[in-house]
Amino acid sequence: MKAEELNTITKKDGVTYTVRKNRDRFFFPSEWGKFYDKLKNSQKFTFHFLINTGARINEARHVKVNDIDLVNQRIVLRVTKVKAKKKEKNPRPRVIPISSQFAKYLKKHIKTYKLGAEDKLGILSTSAANKAMKLALKEAGIKDYYMFSIHNVRKTLENWLMALGVDSLPLTAHMGHSLATAAGHYVSPDVFSWPEKQEMRLIIGDLYRK
């Protein structure tokens, strides 16, 4: 990564680390397809879950089988981000819808691995997912692979749903953040062509489809 693309931050204890200046990189549908194809089979479930839910990886990692309502096509995220600005001390559960296609995928996953009601789904750790992501992006020929982290999968779904015409209120409720945050991630729907929007639908199914 080029030095001009990084910010250096020094913590109170004197430890320094670098972060990307531009954290808003997202996948175009064709990039997602190339990336996903390069993942190992054992890694694909994690990324399929993330792109279909928009959950933070820590939220996804704590989902249990009994948090999934396959009939009504929704998931309860019980471990969510605490909002310090709102002085929250305990995470507030968030209920999100899922597509009918993803519900069928989860049903098959649960059956294949014989998961019980209290079992978690098998989401990768953050470090393992980030490592898998970087390797797959490089193998897929994504030149600025270093601009991606796991969080960019979440931003990708948000941008896709915006492009597909999902209203801001249900979108912010789904993602679990404010309108101001959503506005900061905003990408004009005109960035995506009609064929790309069709590709999005092949990936995320009928999620929020009107």
# chains A, B, ... in the order shown; residues from 1 in each chain; ligands from 1
>>> select_by_dssp(residues="region 90-166 of chain A", states="strand (DSSP E)", output="list in words")
Arg94, Val95, Ile96 and Pro97 of chain A
>>> write_last_selection(atoms="N, CA, C and O atoms", output="CSV table (one decimal), in the first residue's frame")
chain,number,residue,atom,x,y,z
A,94,ARG,N,-31.1,-6.6,17.2
A,94,ARG,CA,-31.6,-6.0,15.9
A,94,ARG,C,-32.2,-7.1,15.1
A,94,ARG,O,-31.5,-8.2,14.9
A,95,VAL,N,-33.4,-7.0,14.6
A,95,VAL,CA,-34.0,-8.0,13.7
A,95,VAL,C,-33.9,-7.5,12.3
A,95,VAL,O,-34.3,-6.4,11.9
A,96,ILE,N,-33.3,-8.4,11.4
A,96,ILE,CA,-33.1,-8.0,10.0
A,96,ILE,C,-33.8,-9.1,9.1
A,96,ILE,O,-33.8,-10.3,9.5
A,97,PRO,N,-34.4,-8.6,8.0
A,97,PRO,CA,-34.9,-9.6,7.1
A,97,PRO,C,-33.8,-10.3,6.2
A,97,PRO,O,-32.7,-9.7,6.1
>>> residues_around(residues="region 154-169 of chain A", least_positions_apart="5", cutoff="6 Å", atoms="only C-alpha atoms", output="MDAnalysis selection string")
chainID A and resid 26:27 51 54 189
>>> closest_residue(among="A:Asn152, A:Asn90, A:Asn66, A:Gln101", to="Asp119 (chain A)", atoms="only C-alpha atoms")
A:Asn66
>>> closest_residue(among="A:Arg61, A:His177, A:Lys111, A:Lys104", to="Leu124 (chain A)", atoms="only C-alpha atoms")
A:Arg61
>>> atom_distance(atom1="CA of Lys120 (chain A)", atom2="CA of Ser149 (chain A)")
23.0 Å
>>> residues_around(residues="Leu137 (chain A)", least_positions_apart="6", cutoff="9 Å", atoms="only C-alpha atoms", output="list in words")
Glu31, Lys34, Phe35, Tyr36, Lys38, Leu39, Lys143, Asp144, Tyr145, Tyr146 and Phe148 of chain A
>>> select_by_dssp(residues="region 27-79 of chain A", states="alpha helix (DSSP H)", output="number ranges by chain")
A: 29-38, 41-53, 57-61
>>> closest_atom_pairs(of="region 21-70 of chain A", to="region 74-83 of chain A", cutoff="10 Å", atoms="only C-alpha atoms", output="CSV")
residue,atom,partner,partner_atom,distance
A:Thr53,CA,A:Ile75,CA,8.8
A:Ala55,CA,A:Leu77,CA,8.1
A:Arg56,CA,A:Thr80,CA,8.1
A:Ile57,CA,A:Thr80,CA,10.0
A:Asn58,CA,A:Val79,CA,7.6
A:Glu59,CA,A:Val79,CA,5.4
A:Ala60,CA,A:Leu77,CA,7.4
A:Arg61,CA,A:Val79,CA,8.9
A:His62,CA,A:Val79,CA,6.4
A:Val63,CA,A:Leu77,CA,6.4
A:Lys64,CA,A:Val76,CA,9.1
A:Val65,CA,A:Ile75,CA,9.3
A:Asn66,CA,A:Val76,CA,8.9
A:Asp67,CA,A:Val76,CA,5.2
A:Ile68,CA,A:Ile75,CA,4.6
A:Asp69,CA,A:Arg74,CA,5.3
A:Leu70,CA,A:Arg74,CA,6.7
>>> write_last_selection(atoms="C-alpha atoms", output="PDB file, in the first residue's frame")
ATOM      1  CA  THR A  53     -27.128  -9.781   5.847  1.00  0.00           C
ATOM      2  CA  ALA A  55     -24.057  -7.839   9.628  1.00  0.00           C
ATOM      3  CA  ARG A  56     -20.797  -6.889  11.264  1.00  0.00           C
ATOM      4  CA  ILE A  57     -18.644  -9.995  11.497  1.00  0.00           C
ATOM      5  CA  ASN A  58     -18.816 -10.005  15.293  1.00  0.00           C
ATOM      6  CA  GLU A  59     -22.612  -9.844  15.064  1.00  0.00           C
ATOM      7  CA  ALA A  60     -22.613 -12.708  12.586  1.00  0.00           C
ATOM      8  CA  ARG A  61     -20.251 -14.834  14.674  1.00  0.00           C
ATOM      9  CA  HIS A  62     -22.700 -14.864  17.604  1.00  0.00           C
ATOM     10  CA  VAL A  63     -25.797 -15.872  15.631  1.00  0.00           C
ATOM     11  CA  LYS A  64     -27.228 -19.214  16.759  1.00  0.00           C
ATOM     12  CA  VAL A  65     -29.627 -21.467  14.905  1.00  0.00           C
ATOM     13  CA  ASN A  66     -32.491 -20.438  17.174  1.00  0.00           C
ATOM     14  CA  ASP A  67     -31.909 -16.800  16.195  1.00  0.00           C
ATOM     15  CA  ILE A  68     -32.964 -17.651  12.640  1.00  0.00           C
ATOM     16  CA  ASP A  69     -36.630 -17.656  11.623  1.00  0.00           C
ATOM     17  CA  LEU A  70     -36.651 -19.514   8.317  1.00  0.00           C
TER      18      LEU A  70
END
>>> closest_residue(among="A:Val153, A:Ala173, A:Val71, A:Thr46", to="His109 (chain A)", atoms="only C-alpha atoms")
A:Thr46
>>> atom_distance(atom1="CA of Ile142 (chain A)", atom2="CA of Ser125 (chain A)")
22.9 Å
>>> closest_residue(among="A:Tyr208, A:Thr112, A:Tyr105, A:Leu121", to="Pro170 (chain A)", atoms="only C-alpha atoms")
A:Tyr208
>>> closest_residue(among="A:Thr126, A:Thr172, A:Ser99, A:Gln73", to="Arg209 (chain A)", atoms="only C-alpha atoms")
A:Ser99
